[in-house]
>>> print(open('structure_12.csv').read())   # CSV, C-alpha atoms and all ligand atoms
chain,number,residue,atom,x,y,z
A,1361,MET,CA,-0.2,-2.6,17.3
A,1362,VAL,CA,-0.1,-4.0,20.7
A,1363,THR,CA,0.6,-7.7,21.3
A,1364,LEU,CA,-1.8,-8.5,24.2
A,1365,GLY,CA,-0.8,-12.1,24.5
A,1366,THR,CA,1.3,-14.8,22.9
A,1367,ALA,CA,0.8,-17.9,24.9
A,1368,ALA,CA,-0.5,-20.9,23.0
A,1369,GLY,CA,-2.6,-23.4,24.8
A,1370,PRO,CA,-5.0,-24.7,25.9
A,1371,VAL,CA,-2.9,-24.9,29.0
A,1372,VAL,CA,-1.3,-22.4,31.3
A,1373,ARG,CA,2.4,-22.7,31.5
A,1374,SER,CA,3.6,-19.2,32.2
A,1375,PRO,CA,2.5,-15.7,33.2
A,1376,ARG,CA,2.1,-14.9,29.5
A,1377,ARG,CA,-1.5,-14.2,28.4
A,1378,GLY,CA,-3.3,-16.0,25.6
A,1379,ILE,CA,-3.0,-15.0,22.0
A,1380,ALA,CA,-4.6,-11.7,21.1
A,1381,THR,CA,-3.4,-8.6,19.2
A,1382,GLY,CA,-4.9,-5.1,19.3
A,1383,VAL,CA,-4.5,-2.6,16.4
A,1384,VAL,CA,-5.4,1.0,17.1
A,1385,VAL,CA,-5.9,3.2,14.1
A,1386,ASP,CA,-6.7,6.8,14.8
A,1387,GLY,CA,-8.4,5.9,18.1
A,1388,ASP,CA,-10.4,2.9,16.8
A,1389,LEU,CA,-9.7,-0.6,18.0
A,1390,TYR,CA,-9.4,-3.7,15.9
A,1391,LEU,CA,-8.8,-6.9,17.8
A,1392,VAL,CA,-7.3,-10.1,16.3
A,1393,ASP,CA,-8.1,-13.2,18.4
A,1394,CYS,CA,-9.4,-13.5,22.0
A,1395,GLY,CA,-7.1,-15.8,23.9
A,1396,LEU,CA,-7.1,-16.3,27.7
A,1397,GLY,CA,-6.5,-13.0,29.5
A,1398,VAL,CA,-7.5,-10.6,26.6
A,1399,VAL,CA,-10.1,-8.8,28.7
A,1400,ARG,CA,-7.7,-7.9,31.5
A,1401,GLN,CA,-5.0,-7.0,29.0
A,1402,ILE,CA,-7.3,-4.6,27.1
A,1403,ALA,CA,-8.1,-2.9,30.4
A,1404,GLU,CA,-4.5,-2.7,31.6
A,1405,THR,CA,-3.2,-1.3,28.3
A,1406,GLU,CA,-6.2,1.0,28.1
A,1407,LEU,CA,-7.0,0.1,24.6
A,1408,PRO,CA,-10.1,1.9,23.4
A,1409,VAL,CA,-12.6,-0.9,23.6
A,1410,ASN,CA,-15.4,1.7,23.6
A,1411,ARG,CA,-14.3,2.2,20.0
A,1412,LEU,CA,-14.1,-1.4,19.0
A,1413,ARG,CA,-14.7,-1.6,15.3
A,1414,ALA,CA,-14.1,-5.2,14.5
A,1415,VAL,CA,-13.0,-8.5,16.0
A,1416,LEU,CA,-11.1,-10.9,13.7
A,1417,LEU,CA,-10.6,-14.6,14.5
A,1418,THR,CA,-7.8,-16.4,12.7
A,1419,HIS,CA,-9.2,-19.8,13.4
A,1420,LEU,CA,-11.3,-21.6,16.0
A,1421,HIS,CA,-8.7,-23.3,18.2
A,1422,SER,CA,-9.6,-22.5,21.8
A,1423,ASP,CA,-6.4,-20.6,22.6
A,1424,HIS,CA,-7.5,-18.0,20.1
A,1425,ILE,CA,-11.2,-17.7,21.1
A,1426,ALA,CA,-11.4,-18.8,24.7
A,1427,GLU,CA,-12.1,-15.4,26.1
A,1428,LEU,CA,-14.5,-14.2,23.4
A,1429,PRO,CA,-17.5,-14.6,25.7
A,1430,ALA,CA,-15.9,-12.5,28.4
A,1431,LEU,CA,-14.8,-9.9,25.9
A,1432,LEU,CA,-18.4,-9.4,24.9
A,1433,LEU,CA,-19.9,-9.6,28.4
A,1434,TYR,CA,-17.3,-7.5,30.2
A,1435,ASN,CA,-17.3,-4.7,27.6
A,1436,TRP,CA,-21.0,-4.6,26.9
A,1437,GLY,CA,-22.4,-1.1,26.8
A,1438,THR,CA,-21.2,2.4,27.4
A,1439,GLN,CA,-22.3,2.0,31.1
A,1440,VAL,CA,-19.1,0.0,31.7
A,1441,GLY,CA,-16.9,2.0,29.2
A,1442,GLY,CA,-17.4,-0.6,26.6
A,1443,PHE,CA,-18.8,-0.7,23.1
A,1444,GLY,CA,-22.0,0.9,22.2
A,1445,GLU,CA,-22.0,0.6,18.5
A,1446,PRO,CA,-22.4,-2.5,16.4
A,1447,PHE,CA,-19.3,-4.3,15.2
A,1448,PRO,CA,-18.6,-7.5,13.3
A,1449,ILE,CA,-16.9,-10.6,14.5
A,1450,ILE,CA,-15.2,-11.9,11.4
A,1451,GLY,CA,-13.9,-15.5,11.4
A,1452,PRO,CA,-13.8,-18.8,9.7
A,1453,GLY,CA,-17.0,-20.4,8.4
A,1454,SER,CA,-17.7,-24.0,9.1
A,1455,ALA,CA,-14.9,-26.4,8.2
A,1456,GLY,CA,-17.6,-28.6,6.6
A,1457,ALA,CA,-16.0,-31.7,8.1
A,1458,LEU,CA,-13.6,-32.9,10.7
A,1459,PRO,CA,-10.1,-33.9,9.7
A,1460,GLU,CA,-9.8,-37.4,8.1
A,1461,GLY,CA,-10.4,-40.0,10.7
A,1462,ALA,CA,-11.7,-37.7,13.5
A,1463,ARG,CA,-14.7,-39.0,15.3
A,1464,PRO,CA,-17.2,-36.3,16.3
A,1465,VAL,CA,-17.8,-36.3,20.0
A,1466,VAL,CA,-19.9,-33.1,20.1
A,1467,ALA,CA,-22.6,-32.1,17.6
A,1468,PRO,CA,-22.7,-30.3,15.3
A,1469,PRO,CA,-19.1,-31.2,14.7
A,1470,ALA,CA,-17.8,-28.1,13.0
A,1471,PRO,CA,-19.6,-24.9,13.7
A,1472,GLY,CA,-18.2,-21.7,12.2
A,1473,THR,CA,-17.9,-18.3,13.7
A,1474,ALA,CA,-21.6,-17.2,13.2
A,1475,GLU,CA,-22.9,-20.4,14.8
A,1476,LEU,CA,-20.3,-20.1,17.6
A,1477,VAL,CA,-21.4,-16.6,18.5
A,1478,ARG,CA,-25.1,-17.5,18.2
A,1479,ASN,CA,-24.5,-20.4,20.6
A,1480,LEU,CA,-22.7,-18.1,23.0
A,1481,MET,CA,-25.7,-15.8,23.0
A,1482,SER,CA,-27.9,-18.8,23.8
A,1483,ALA,CA,-25.6,-20.0,26.5
A,1484,TYR,CA,-25.5,-16.6,28.3
A,1485,ALA,CA,-29.2,-15.8,27.5
A,1486,TYR,CA,-30.2,-15.5,31.1
A,1487,ASP,CA,-27.5,-13.0,32.0
A,1488,ILE,CA,-28.0,-11.0,28.8
A,1489,ASN,CA,-31.8,-10.9,29.3
A,1490,VAL,CA,-31.5,-9.9,32.9
A,1491,ARG,CA,-29.0,-7.1,32.4
A,1492,THR,CA,-30.8,-5.8,29.4
A,1493,HIS,CA,-33.8,-5.3,31.6
A,1494,ASP,CA,-32.3,-4.5,34.9
A,1495,GLU,CA,-29.3,-2.3,33.8
A,1496,ALA,CA,-30.7,-0.9,30.6
A,1497,ARG,CA,-27.8,-2.4,28.6
A,1498,PRO,CA,-28.2,-2.2,24.8
A,1499,PRO,CA,-29.4,-5.4,23.2
A,1500,LEU,CA,-26.2,-7.4,22.8
A,1501,ASP,CA,-27.4,-9.4,19.9
A,1502,GLU,CA,-27.9,-6.2,17.9
A,1503,LEU,CA,-24.4,-4.9,18.7
A,1504,VAL,CA,-22.5,-8.1,17.8
A,1505,ARG,CA,-22.6,-9.1,14.2
A,1506,PRO,CA,-20.8,-12.4,13.5
A,1507,THR,CA,-19.7,-13.0,10.0
A,1508,ASP,CA,-18.4,-16.2,8.4
A,1509,ILE,CA,-15.5,-15.5,6.0
A,1510,ALA,CA,-16.5,-16.9,2.6
A,1511,LEU,CA,-13.7,-18.2,0.5
A,1512,PRO,CA,-13.6,-16.8,-3.0
A,1513,ARG,CA,-14.9,-19.1,-5.7
A,1514,GLY,CA,-12.3,-21.4,-7.3
A,1515,ILE,CA,-10.1,-21.9,-4.2
A,1516,ALA,CA,-9.5,-25.6,-4.0
A,1517,ALA,CA,-9.1,-26.0,-0.3
A,1518,GLY,CA,-10.8,-28.1,2.3
A,1519,PRO,CA,-10.4,-30.0,5.6
A,1520,ARG,CA,-9.4,-33.1,3.8
A,1521,ALA,CA,-7.6,-31.5,0.9
A,1522,ASP,CA,-5.1,-28.7,0.6
A,1523,LEU,CA,-5.5,-26.6,3.7
A,1524,ALA,CA,-3.9,-23.5,2.3
A,1525,PRO,CA,-3.2,-23.3,-1.4
A,1526,GLU,CA,-1.5,-20.4,-3.0
A,1527,MET,CA,-4.0,-17.5,-3.2
A,1528,GLU,CA,-4.3,-13.8,-3.4
A,1529,PRO,CA,-5.5,-12.1,-0.2
A,1530,PHE,CA,-9.2,-11.2,-0.5
A,1531,GLU,CA,-11.1,-8.5,1.3
A,1532,VAL,CA,-13.1,-9.5,4.4
A,1533,TYR,CA,-13.7,-6.0,5.9
A,1534,ARG,CA,-13.5,-2.4,5.1
A,1535,ASP,CA,-14.4,0.8,6.8
A,1536,ASP,CA,-13.2,4.4,6.8
A,1537,LYS,CA,-10.0,3.6,8.6
A,1538,VAL,CA,-8.9,0.2,7.3
A,1539,ARG,CA,-9.1,-2.5,4.7
A,1540,ILE,CA,-8.6,-6.0,5.9
A,1541,ARG,CA,-7.7,-8.9,3.6
A,1542,ALA,CA,-7.4,-12.5,4.4
A,1543,SER,CA,-5.7,-15.6,3.0
A,1544,LEU,CA,-5.6,-19.2,4.1
A,1545,VAL,CA,-2.6,-20.2,6.1
A,1546,HIS,CA,-1.3,-23.7,6.8
A,1547,HIS,CA,-2.1,-24.7,10.3
A,1548,PRO,CA,-2.8,-28.5,10.2
A,1549,PRO,CA,-5.2,-30.0,11.0
A,1550,VAL,CA,-7.3,-26.9,11.4
A,1551,PHE,CA,-9.3,-25.6,8.5
A,1552,PRO,CA,-9.9,-22.9,7.7
A,1553,SER,CA,-7.1,-20.9,9.3
A,1554,TYR,CA,-6.5,-17.3,8.2
A,1555,GLY,CA,-3.9,-14.7,8.2
A,1556,PHE,CA,-5.0,-11.1,8.1
A,1557,ARG,CA,-3.5,-8.1,6.5
A,1558,ILE,CA,-4.7,-4.9,8.1
A,1559,GLU,CA,-4.1,-2.0,5.8
A,1560,THR,CA,-4.3,1.4,7.4
A,1561,PRO,CA,-3.4,4.9,6.2
A,1562,HIS,CA,-0.3,4.7,8.4
A,1563,GLY,CA,1.0,1.2,7.5
A,1564,VAL,CA,0.2,-2.4,7.3
A,1565,VAL,CA,0.0,-5.1,10.0
A,1566,ALA,CA,-0.2,-8.8,9.4
A,1567,ALA,CA,-1.6,-11.3,11.9
A,1568,GLY,CA,-2.3,-14.9,11.6
A,1569,ALA,CA,-2.5,-18.4,13.1
A,1570,GLY,CA,1.1,-19.2,13.4
A,1571,ARG,CA,1.7,-19.7,17.1
A,1572,CYS,CA,-0.6,-22.4,18.3
A,1573,GLU,CA,0.5,-25.4,20.3
A,1574,GLY,CA,2.0,-27.8,17.8
A,1575,ALA,CA,1.9,-25.3,15.0
A,1576,PRO,CA,4.8,-25.3,12.7
A,1577,ALA,CA,6.9,-22.2,12.6
A,1578,GLY,CA,5.8,-20.0,9.8
A,1579,PRO,CA,5.6,-16.5,8.5
A,1580,ALA,CA,2.1,-16.0,9.9
A,1581,ALA,CA,3.0,-14.8,13.4
A,1582,VAL,CA,2.0,-11.3,14.3
A,1583,ARG,CA,4.4,-8.7,13.1
A,1584,ARG,CA,4.7,-5.2,11.8
A,1585,VAL,CA,5.2,-5.4,8.1
A,1586,ASN,CA,6.7,-2.0,7.9
A,1587,GLY,CA,8.9,-1.6,10.9
A,1588,THR,CA,10.5,-3.2,13.8
A,1589,PRO,CA,8.3,-5.8,15.6
A,1590,ARG,CA,7.0,-4.5,18.9
A,1591,SER,CA,5.4,-6.6,21.6
A,1592,SER,CA,5.3,-4.8,24.9
A,1593,GLN,CA,2.0,-3.8,26.2
A,1594,GLN,CA,3.6,-1.1,28.3
A,1595,ASP,CA,5.1,0.6,25.2
A,1596,ARG,CA,2.3,2.7,24.0
A,1597,THR,CA,4.5,4.0,21.2
A,1598,ALA,CA,3.8,0.7,19.6
A,1599,LEU,CA,0.4,2.2,18.7
A,1600,VAL,CA,2.0,4.6,16.3
A,1601,PHE,CA,2.7,3.5,12.8
A,1602,ARG,CA,5.5,5.3,11.1
A,1603,SER,CA,5.5,3.7,7.7
A,1604,PRO,CA,4.2,6.0,5.0
A,1605,ALA,CA,2.1,4.3,2.4
A,1606,LEU,CA,-0.9,2.1,2.3
A,1607,THR,CA,0.0,-0.6,-0.1
A,1608,GLY,CA,-2.1,-2.8,-2.4
B,1,ZN,ZN,-4.3,-23.1,16.4
>>> encode(input="structure_12.csv", output="structure tokens")
Amino acid sequence: MVTLGTAAGPVVRSPRRGIATGVVVDGDLYLVDCGLGVVRQIAETELPVNRLRAVLLTHLHSDHIAELPALLLYNWGTQVGGFGEPFPIIGPGSAGALPEGARPVVAPPAPGTAELVRNLMSAYAYDINVRTHDEARPPLDELVRPTDIALPRGIAAGPRADLAPEMEPFEVYRDDKVRIRASLVHHPPVFPSYGFRIETPHGVVAAGAGRCEGAPAGPAAVRRVNGTPRSSQQDRTALVFRSPALTG
């Protein structure tokens, strides 16, 4: 696991980069959140973005997603050493409503991950269309597969109710390398906010929405579940898990 950035925002107060975490499992990359600076951090740490398997978004606060457009546009296609295979962007669905008393100033008021990504594609349509034609880039909309996380039935949670009731983590993604489970975390007033549990053959990593501006301290910050927390992008040994068993 490599902590690419830890700075909450949306404001720049230090040289620290915005919130993002990379997890490399047997050469494949899983990325949690896309804060400001994530593109340069991925390049400087030489994370294998050409083997990007999934992007996970804990919640839709801008300090966790501000550089999602640049992540896609600066790593688009094998021509630039970027991704050439489809991958999901997995994140919160629509909140359904704003917090109590909030007046919508932009419509629609609460888009989820899928709508957010669709809107990004529309916003950058000219660039995407030109480069697809002029540079033979692969169709970006076929590579990027946004997915709204659906809460299991029976979870009594909502933007104006309990934001994060007790719940068992539920599966949101699985491939040949990892299983990823999510559960709601308390990050008022944002709903939904998720913590992720990334289960690999080498160990388990947890990452969640615990470090935003104004967020209460909680157990959801990025950490290694089995081992000493590591946070230096220079320390490539952080990519190696040493814990033995995949749990759960
Ligand atoms: Zn937040």
>>> closest_residue(input="structure_12.csv", among="A:Leu1523, A:Ile1449, A:Ala1455, A:Leu1433", to="Ile1488 of chain A", atoms="all atoms listed in the file")
A:Leu1433
>>> residues_around(input="structure_12.csv", residues="Pro1499 of chain A", least_positions_apart="6", cutoff="9 Å", atoms="only C-alpha atoms", output="compact mmCIF listing (two decimals) with C-alpha atoms, in the coordinates of the input")
# COMPACT_ATOMS: atom_id res chain seq x y z
CA GLY A 1437 -22.40 -1.10 26.80
CA ILE A 1488 -28.00 -11.00 28.80
CA ASN A 1489 -31.80 -10.90 29.30
CA THR A 1492 -30.80 -5.80 29.40
>>> residues_around(input="structure_12.csv", residues="Arg1541 of chain A", least_positions_apart="3", cutoff="9 Å", atoms="all atoms listed in the file", output="NGL selection string")
:A and (1529-1534 or 1555-1559)
>>> atom_distance(input="structure_12.csv", atom1="atom CA of Tyr1390 of chain A", atom2="atom CA of Val1415 of chain A")
6.0 Å
>>> atom_distance(input="structure_12.csv", atom1="atom CA of Pro1429 of chain A", atom2="atom CA of Val1465 of chain A")
22.4 Å
>>> atom_distance(input="structure_12.csv", atom1="atom CA of Leu1420 of chain A", atom2="atom CA of Gly1369 of chain A")
12.5 Å
>>> closest_residue(input="structure_12.csv", among="A:Asp1487, A:Asp1423, A:Glu1404, A:Glu1445", to="ligand ZN 1 (chain B)", atoms="only C-alpha atoms and all ligand atoms")
A:Asp1423
>>> closest_residue(input="structure_12.csv", among="A:Pro1548, A:Gly1382, A:Pro1375, A:Gly1563", to="ligand ZN 1 (chain B)", atoms="all atoms listed in the file")
A:Pro1548
>>> closest_residue(input="structure_12.csv", among="A:Val1440, A:Ala1542, A:Ala1380, A:Val1550", to="Thr1366 of chain A", atoms="all atoms listed in the file")
A:Ala1380
>>> closest_residue(input="structure_12.csv", among="A:Gly1395, A:Arg1400, A:His1546, A:Gly1518", to="Glu1460 of chain A", atoms="all atoms listed in the file")
A:Gly1518
>>> closest_residue(input="structure_12.csv", among="A:Leu1544, A:Val1384, A:Leu1503, A:Leu1476", to="Gly1568 of chain A", atoms="only C-alpha atoms")
A:Leu1544
>>> residues_near_point(input="structure_12.csv", point="(-18.8, -1.1, 25.5)", cutoff="12 Å", atoms="only C-alpha atoms", output="PyMOL selection string")
chain A and resi 1389+1403+1407-1413+1431-1447+1497-1500+1503-1504
